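Colleague: protein03.pdb (PDB, C-alpha atoms, pLDDT in the B column) pasted underneath:
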```
MODEL        1
ATOM      1  CA  MET A 278       3.093  19.823 -15.306  1.00 77.00           C
ATOM      2  CA  PRO A 279       1.732  16.410 -14.223  1.00 84.00           C
ATOM      3  CA  ILE A 280       4.181  13.515 -14.349  1.00 84.00           C
ATOM      4  CA  SER A 281       2.199  11.709 -17.056  1.00 83.00           C
ATOM      5  CA  ASP A 282       2.325  14.790 -19.305  1.00 84.00           C
ATOM      6  CA  ASP A 283       6.035  15.186 -18.641  1.00 87.00           C
ATOM      7  CA  VAL A 284       6.629  11.554 -19.673  1.00 88.00           C
ATOM      8  CA  SER A 285       4.689  12.113 -22.910  1.00 87.00           C
ATOM      9  CA  SER A 286       6.612  15.296 -23.630  1.00 90.00           C
ATOM     10  CA  GLN A 287       9.961  13.615 -23.073  1.00 90.00           C
ATOM     11  CA  MET A 288       8.824  10.729 -25.234  1.00 90.00           C
ATOM     12  CA  LYS A 289       8.246  13.122 -28.133  1.00 92.00           C
ATOM     13  CA  ASP A 290      11.667  14.683 -27.583  1.00 90.00           C
ATOM     14  CA  ALA A 291      13.358  11.270 -27.552  1.00 90.00           C
ATOM     15  CA  LEU A 292      11.529  10.319 -30.737  1.00 90.00           C
ATOM     16  CA  ARG A 293      12.718  13.469 -32.484  1.00 92.00           C
ATOM     17  CA  ALA A 294      16.279  12.967 -31.243  1.00 92.00           C
ATOM     18  CA  ARG A 295      16.204   9.293 -32.313  1.00 92.00           C
ATOM     19  CA  GLU A 296      17.205   8.088 -28.842  1.00 89.00           C
ATOM     20  CA  SER A 297      15.862   4.555 -29.136  1.00 88.00           C
ATOM     21  CA  GLU A 298      16.818   3.255 -25.660  1.00 89.00           C
ATOM     22  CA  ARG A 299      15.420   6.317 -23.909  1.00 89.00           C
ATOM     23  CA  LEU A 300      12.278   6.176 -26.050  1.00 90.00           C
ATOM     24  CA  MET A 301      11.752   2.509 -25.164  1.00 90.00           C
ATOM     25  CA  ALA A 302      12.129   3.267 -21.443  1.00 90.00           C
ATOM     26  CA  LEU A 303       9.708   6.210 -21.649  1.00 92.00           C
ATOM     27  CA  ARG A 304       7.187   4.052 -23.512  1.00 92.00           C
ATOM     28  CA  ASN A 305       7.389   1.457 -20.735  1.00 90.00           C
ATOM     29  CA  ILE A 306       6.766   4.141 -18.124  1.00 92.00           C
ATOM     30  CA  ARG A 307       3.870   5.608 -20.102  1.00 91.00           C
ATOM     31  CA  ALA A 308       2.350   2.145 -20.563  1.00 92.00           C
ATOM     32  CA  ALA A 309       2.413   1.555 -16.801  1.00 91.00           C
ATOM     33  CA  LEU A 310       0.776   4.937 -16.216  1.00 90.00           C
ATOM     34  CA  LEU A 311      -1.895   4.187 -18.844  1.00 89.00           C
ATOM     35  CA  VAL A 312      -2.682   0.852 -17.214  1.00 90.00           C
ATOM     36  CA  GLU A 313      -3.256   2.694 -13.953  1.00 88.00           C
ATOM     37  CA  MET A 314      -5.493   5.238 -15.711  1.00 87.00           C
ATOM     38  CA  LYS A 315      -7.610   2.510 -17.281  1.00 88.00           C
ATOM     39  CA  LYS A 316      -8.381   0.973 -13.899  1.00 86.00           C
ATOM     40  CA  ASP A 317     -10.936   3.708 -13.244  1.00 84.00           C
ATOM     41  CA  ASN A 318     -11.418   4.953 -16.828  1.00 83.00           C
ATOM     42  CA  SER A 319      -9.868   8.330 -16.081  1.00 81.00           C
ATOM     43  CA  THR A 320      -8.241  10.561 -18.653  1.00 81.00           C
ATOM     44  CA  SER A 321      -5.485  11.810 -16.361  1.00 82.00           C
ATOM     45  CA  LEU A 322      -3.506  10.503 -13.438  1.00 82.00           C
ATOM     46  CA  PRO A 323      -2.756  12.602 -10.354  1.00 84.00           C
ATOM     47  CA  ASP A 324       0.896  12.868  -9.375  1.00 81.00           C
ATOM     48  CA  GLU A 325       0.317  10.886  -6.163  1.00 82.00           C
ATOM     49  CA  ALA A 326      -0.892   7.881  -8.175  1.00 84.00           C
ATOM     50  CA  SER A 327       1.913   8.349 -10.702  1.00 86.00           C
ATOM     51  CA  ILE A 328       4.481   8.269  -7.912  1.00 86.00           C
ATOM     52  CA  VAL A 329       3.064   4.983  -6.626  1.00 85.00           C
ATOM     53  CA  VAL A 330       3.371   3.490 -10.123  1.00 89.00           C
ATOM     54  CA  LEU A 331       6.900   4.847 -10.556  1.00 89.00           C
ATOM     55  CA  ARG A 332       7.996   3.463  -7.162  1.00 88.00           C
ATOM     56  CA  ARG A 333       6.692   0.054  -8.241  1.00 90.00           C
ATOM     57  CA  LEU A 334       8.636   0.312 -11.512  1.00 91.00           C
ATOM     58  CA  GLU A 335      11.725   1.397  -9.582  1.00 90.00           C
ATOM     59  CA  LYS A 336      11.503  -1.674  -7.361  1.00 89.00           C
ATOM     60  CA  GLN A 337      11.041  -3.950 -10.375  1.00 91.00           C
ATOM     61  CA  ARG A 338      14.135  -2.490 -12.043  1.00 92.00           C
ATOM     62  CA  ARG A 339      16.250  -2.940  -8.913  1.00 90.00           C
ATOM     63  CA  GLU A 340      15.191  -6.579  -8.685  1.00 92.00           C
ATOM     64  CA  SER A 341      15.908  -7.109 -12.389  1.00 93.00           C
ATOM     65  CA  ILE A 342      19.356  -5.549 -12.083  1.00 92.00           C
ATOM     66  CA  GLU A 343      20.160  -7.858  -9.182  1.00 92.00           C
ATOM     67  CA  ALA A 344      18.965 -10.913 -11.114  1.00 93.00           C
ATOM     68  CA  TYR A 345      20.876  -9.955 -14.262  1.00 93.00           C
ATOM     69  CA  ASP A 346      24.044  -9.292 -12.265  1.00 91.00           C
ATOM     70  CA  GLN A 347      23.809 -12.685 -10.585  1.00 90.00           C
ATOM     71  CA  ALA A 348      23.292 -14.346 -13.965  1.00 90.00           C
ATOM     72  CA  GLY A 349      26.251 -12.493 -15.483  1.00 90.00           C
ATOM     73  CA  ARG A 350      24.104 -10.670 -18.065  1.00 91.00           C
ATOM     74  CA  ASP A 351      25.865  -7.328 -17.936  1.00 89.00           C
ATOM     75  CA  GLU A 352      24.270  -5.866 -21.069  1.00 90.00           C
ATOM     76  CA  GLN A 353      20.712  -6.362 -19.796  1.00 91.00           C
ATOM     77  CA  ALA A 354      21.714  -5.065 -16.359  1.00 90.00           C
ATOM     78  CA  ALA A 355      23.104  -1.906 -17.974  1.00 90.00           C
ATOM     79  CA  LEU A 356      19.824  -1.352 -19.847  1.00 90.00           C
ATOM     80  CA  GLU A 357      17.865  -1.782 -16.625  1.00 91.00           C
ATOM     81  CA  ARG A 358      20.195   0.661 -14.833  1.00 92.00           C
ATOM     82  CA  SER A 359      19.620   3.332 -17.465  1.00 91.00           C
ATOM     83  CA  GLU A 360      15.868   2.766 -17.227  1.00 92.00           C
ATOM     84  CA  LEU A 361      16.076   2.982 -13.434  1.00 90.00           C
ATOM     85  CA  GLU A 362      17.845   6.355 -13.660  1.00 91.00           C
ATOM     86  CA  LEU A 363      15.132   7.627 -15.985  1.00 91.00           C
ATOM     87  CA  ILE A 364      12.394   6.457 -13.613  1.00 91.00           C
ATOM     88  CA  ARG A 365      14.145   8.142 -10.690  1.00 89.00           C
ATOM     89  CA  SER A 366      14.275  11.414 -12.617  1.00 88.00           C
ATOM     90  CA  PHE A 367      10.467  11.625 -12.333  1.00 86.00           C
ATOM     91  CA  LEU A 368      10.371  10.768  -8.612  1.00 84.00           C
ATOM     92  CA  PRO A 369      10.714  13.201  -5.709  1.00 81.00           C
ATOM     93  CA  GLU A 370      13.878  12.931  -3.618  1.00 81.00           C
ATOM     94  CA  LEU A 371      13.625  10.496  -0.696  1.00 78.00           C
ATOM     95  CA  ALA A 372      14.259  11.680   2.847  1.00 75.00           C
ATOM     96  CA  GLY A 373      17.657  11.011   4.375  1.00 79.00           C
ATOM     97  CA  GLU A 374      18.404   8.770   7.322  1.00 82.00           C
ATOM     98  CA  ALA A 375      18.222  11.552   9.927  1.00 84.00           C
ATOM     99  CA  GLN A 376      14.795  12.737   8.752  1.00 84.00           C
ATOM    100  CA  THR A 377      13.503   9.160   8.487  1.00 83.00           C
ATOM    101  CA  ARG A 378      14.767   8.411  11.994  1.00 85.00           C
ATOM    102  CA  SER A 379      12.849  11.401  13.391  1.00 86.00           C
ATOM    103  CA  TRP A 380       9.654  10.253  11.626  1.00 85.00           C
ATOM    104  CA  VAL A 381      10.090   6.713  12.975  1.00 84.00           C
ATOM    105  CA  GLU A 382      10.681   8.030  16.506  1.00 85.00           C
ATOM    106  CA  ALA A 383       7.560  10.179  16.226  1.00 85.00           C
ATOM    107  CA  ALA A 384       5.547   7.189  14.974  1.00 84.00           C
ATOM    108  CA  ILE A 385       6.793   5.054  17.870  1.00 84.00           C
ATOM    109  CA  ALA A 386       5.728   7.729  20.345  1.00 83.00           C
ATOM    110  CA  GLU A 387       2.401   8.233  18.573  1.00 83.00           C
ATOM    111  CA  THR A 388       1.491   4.529  18.464  1.00 82.00           C
ATOM    112  CA  GLY A 389       2.889   3.706  21.902  1.00 80.00           C
ATOM    113  CA  ALA A 390       4.982   0.901  20.423  1.00 76.00           C
ATOM    114  CA  SER A 391       7.323  -0.798  22.862  1.00 77.00           C
ATOM    115  CA  SER A 392       8.413  -4.100  21.338  1.00 78.00           C
ATOM    116  CA  PRO A 393       9.404  -5.528  17.949  1.00 79.00           C
ATOM    117  CA  ARG A 394       5.897  -6.986  17.688  1.00 82.00           C
ATOM    118  CA  ASP A 395       4.607  -3.433  17.214  1.00 79.00           C
ATOM    119  CA  LEU A 396       6.705  -2.936  14.063  1.00 80.00           C
ATOM    120  CA  GLY A 397       3.637  -3.165  11.808  1.00 83.00           C
ATOM    121  CA  ARG A 398       1.830  -0.347  13.592  1.00 83.00           C
ATOM    122  CA  VAL A 399       4.909   1.875  13.480  1.00 82.00           C
ATOM    123  CA  MET A 400       5.503   1.199   9.781  1.00 84.00           C
ATOM    124  CA  GLY A 401       1.836   1.820   9.038  1.00 83.00           C
ATOM    125  CA  ALA A 402       1.978   5.216  10.742  1.00 84.00           C
ATOM    126  CA  VAL A 403       5.218   6.226   8.996  1.00 83.00           C
ATOM    127  CA  MET A 404       4.072   5.122   5.549  1.00 83.00           C
ATOM    128  CA  LYS A 405       0.647   6.714   5.929  1.00 81.00           C
ATOM    129  CA  ALA A 406       2.143  10.075   6.820  1.00 79.00           C
ATOM    130  CA  HIS A 407       5.169  10.102   4.493  1.00 79.00           C
ATOM    131  CA  ARG A 408       4.528   7.554   1.727  1.00 74.00           C
ATOM    132  CA  ASP A 409       5.947   9.596  -1.151  1.00 72.00           C
ATOM    133  CA  VAL A 410       9.186  10.693   0.476  1.00 79.00           C
ATOM    134  CA  VAL A 411      10.293   7.844   2.748  1.00 81.00           C
ATOM    135  CA  ASP A 412      12.274   4.729   1.840  1.00 78.00           C
ATOM    136  CA  GLY A 413      10.303   1.872   3.365  1.00 78.00           C
ATOM    137  CA  ASN A 414      13.335  -0.392   3.750  1.00 81.00           C
ATOM    138  CA  LEU A 415      15.278   2.277   5.628  1.00 83.00           C
ATOM    139  CA  ALA A 416      12.271   3.065   7.825  1.00 82.00           C
ATOM    140  CA  ARG A 417      11.810  -0.645   8.648  1.00 84.00           C
ATOM    141  CA  LYS A 418      15.513  -1.000   9.533  1.00 85.00           C
ATOM    142  CA  LEU A 419      15.427   2.068  11.789  1.00 83.00           C
ATOM    143  CA  ALA A 420      12.180   0.983  13.444  1.00 83.00           C
ATOM    144  CA  SER A 421      13.642  -2.455  14.142  1.00 82.00           C
ATOM    145  CA  GLU A 422      16.704  -0.849  15.744  1.00 80.00           C
ATOM    146  CA  LEU A 423      14.631   1.518  17.863  1.00 77.00           C
ATOM    147  CA  LEU A 424      12.205  -1.162  19.045  1.00 74.00           C
TER     148      LEU A 424
ENDMDL
END
```
I need this file expressed as structure tokens, please.
Modeller:
Amino acid sequence: MPISDDVSSQMKDALRARESERLMALRNIRAALLVEMKKDNSTSLPDEASIVVLRRLEKQRRESIEAYDQAGRDEQAALERSELELIRSFLPELAGEAQTRSWVEAAIAETGASSPRDLGRVMGAVMKAHRDVVDGNLARKLASELL
């Protein structure tokens, strides 16, 4: 089942179960997916595009949690955390550090990178090959260490 259909299905279930916080979070996710669909007037969204949207939402939630924590707004931070967990439930599992390190090493060998100035080429190769399953921050940290 495509991610967008799964979100709609879970939205219906949350509505029936009267889970207002979960329903609100699912509506936000569905709205982001619909915005992406409207960009090219399509009626469905492939999972690859849905994952890109969900990763963007995940990053936004992490930044919001950090901002709310710094401002001492624990209630809003808790809401964002629950929404973040829901978003992550639709995303594929990210690769671990060992797997990411092997991909970065392969990208360094493939691009012939030899100095920190080549970080962009290495990151481009890693992200192009493994966009959906690699944590970009971890890959950048490992590439910086290896270069």
Colleague: Counting all atoms listed in the file, which residue out of A:Gln347, A:Ser319, A:Ser366, A:Ser359 sits closest to Arg332 in chain A?
Modeller: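 Checking each candidate against Arg332 in chain A, we get A:Ser366 as the closest.
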Colleague: Once the PyMOL selection byres ((chain A and resi 398-409) around 8) is applied to the coordinates I shared, what remains selected? I want it as a VMD selection string.
Modeller: chain A and resid 325 328 to 329 369 371 380 to 381 384 to 385 388 390 395 to 397 410 to 411 413 416 to 417 420
Colleague: Go ahead and compute the interatomic distance for CA of Met301 in chain A and CA of Asn414 in chain A, in Å to one decimal.
Modeller: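 A separation of 29.1 Å between them.
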Colleague: Given the file shown, determine the residues that the PyMOL selection byres ((chain A and resi 378) around 10) selects; report them as a VMD selection string.
Modeller: chain A and resid 372 to 377 379 to 384 415 to 416 418 to 420 423
Colleague: Generate the output file for the selected residues, C-alpha atoms, as a compact mmCIF listing (two decimals), in the coordinates of the input.
Modeller:
```
# COMPACT_ATOMS: atom_id res chain seq x y z
CA ALA A 372 14.26 11.68 2.85
CA GLY A 373 17.66 11.01 4.38
CA GLU A 374 18.40 8.77 7.32
CA ALA A 375 18.22 11.55 9.93
CA GLN A 376 14.80 12.74 8.75
CA THR A 377 13.50 9.16 8.49
CA SER A 379 12.85 11.40 13.39
CA TRP A 380 9.65 10.25 11.63
CA VAL A 381 10.09 6.71 12.98
CA GLU A 382 10.68 8.03 16.51
CA ALA A 383 7.56 10.18 16.23
CA ALA A 384 5.55 7.19 14.97
CA LEU A 415 15.28 2.28 5.63
CA ALA A 416 12.27 3.06 7.82
CA LYS A 418 15.51 -1.00 9.53
CA LEU A 419 15.43 2.07 11.79
CA ALA A 420 12.18 0.98 13.44
CA LEU A 423 14.63 1.52 17.86
```
Colleague: With only C-alpha atoms as the basis for distance, which of A:Ala386, A:Ala291, A:Ala302, A:Ala308 is at the shortest distance from Glu357 in chain A?
Modeller: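 When distances to Glu357 in chain A are compared using only C-alpha atoms, the smallest one comes from A:Ala302.
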Colleague: Measuring between all atoms listed in the file, which one of A:Glu313, A:Phe367, A:Asp351, A:Leu303 shows the shortest distance to Met278 in chain A?
Modeller: A:Phe367
Colleague: So the first atom is CA of Ser392 in chain A and the second is CA of Leu424 in chain A; what is the distance between them in Å, to one decimal place?
Modeller: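 Interatomic distance, CA of Ser392 in chain A to CA of Leu424 in chain A: 5.3 Å.
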Colleague: Hey, what comes out of the PyMOL selection byres ((chain A and resi 334) around 10) on this file? Could you write it as a PyMOL selection string?
Modeller: chain A and resi 305-306+309+328-333+335-340+360-361+364-365
Colleague: One decimal, Å: what's the distance from CA of Leu368 in chain A over to CA of Ser327 in chain A, could you say?
Modeller: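 If I compute the distance from CA of Leu368 in chain A to CA of Ser327 in chain A, I get 9.0 Å.
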Colleague: Of the candidates A:Ser321, A:Asp282, A:Arg304, A:Arg295, which one gets nearest to Leu363 in chain A if we count all atoms listed in the file?
Modeller: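 Result for the nearest residue to Leu363 in chain A: A:Arg304.
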Colleague: Using all atoms listed in the file, which residue out of A:Glu298, A:Glu343, A:Asp290, A:Asp412 lies closest to Leu356 in chain A?
Modeller: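 Closest to Leu356 in chain A of all the choices is A:Glu298.
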Colleague: For Arg358 in chain A, which residue among A:Lys315, A:Arg307, A:Lys289, A:Arg299 is the nearest when counting only C-alpha atoms?
Modeller: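 Nearest to Arg358 in chain A: A:Arg299.
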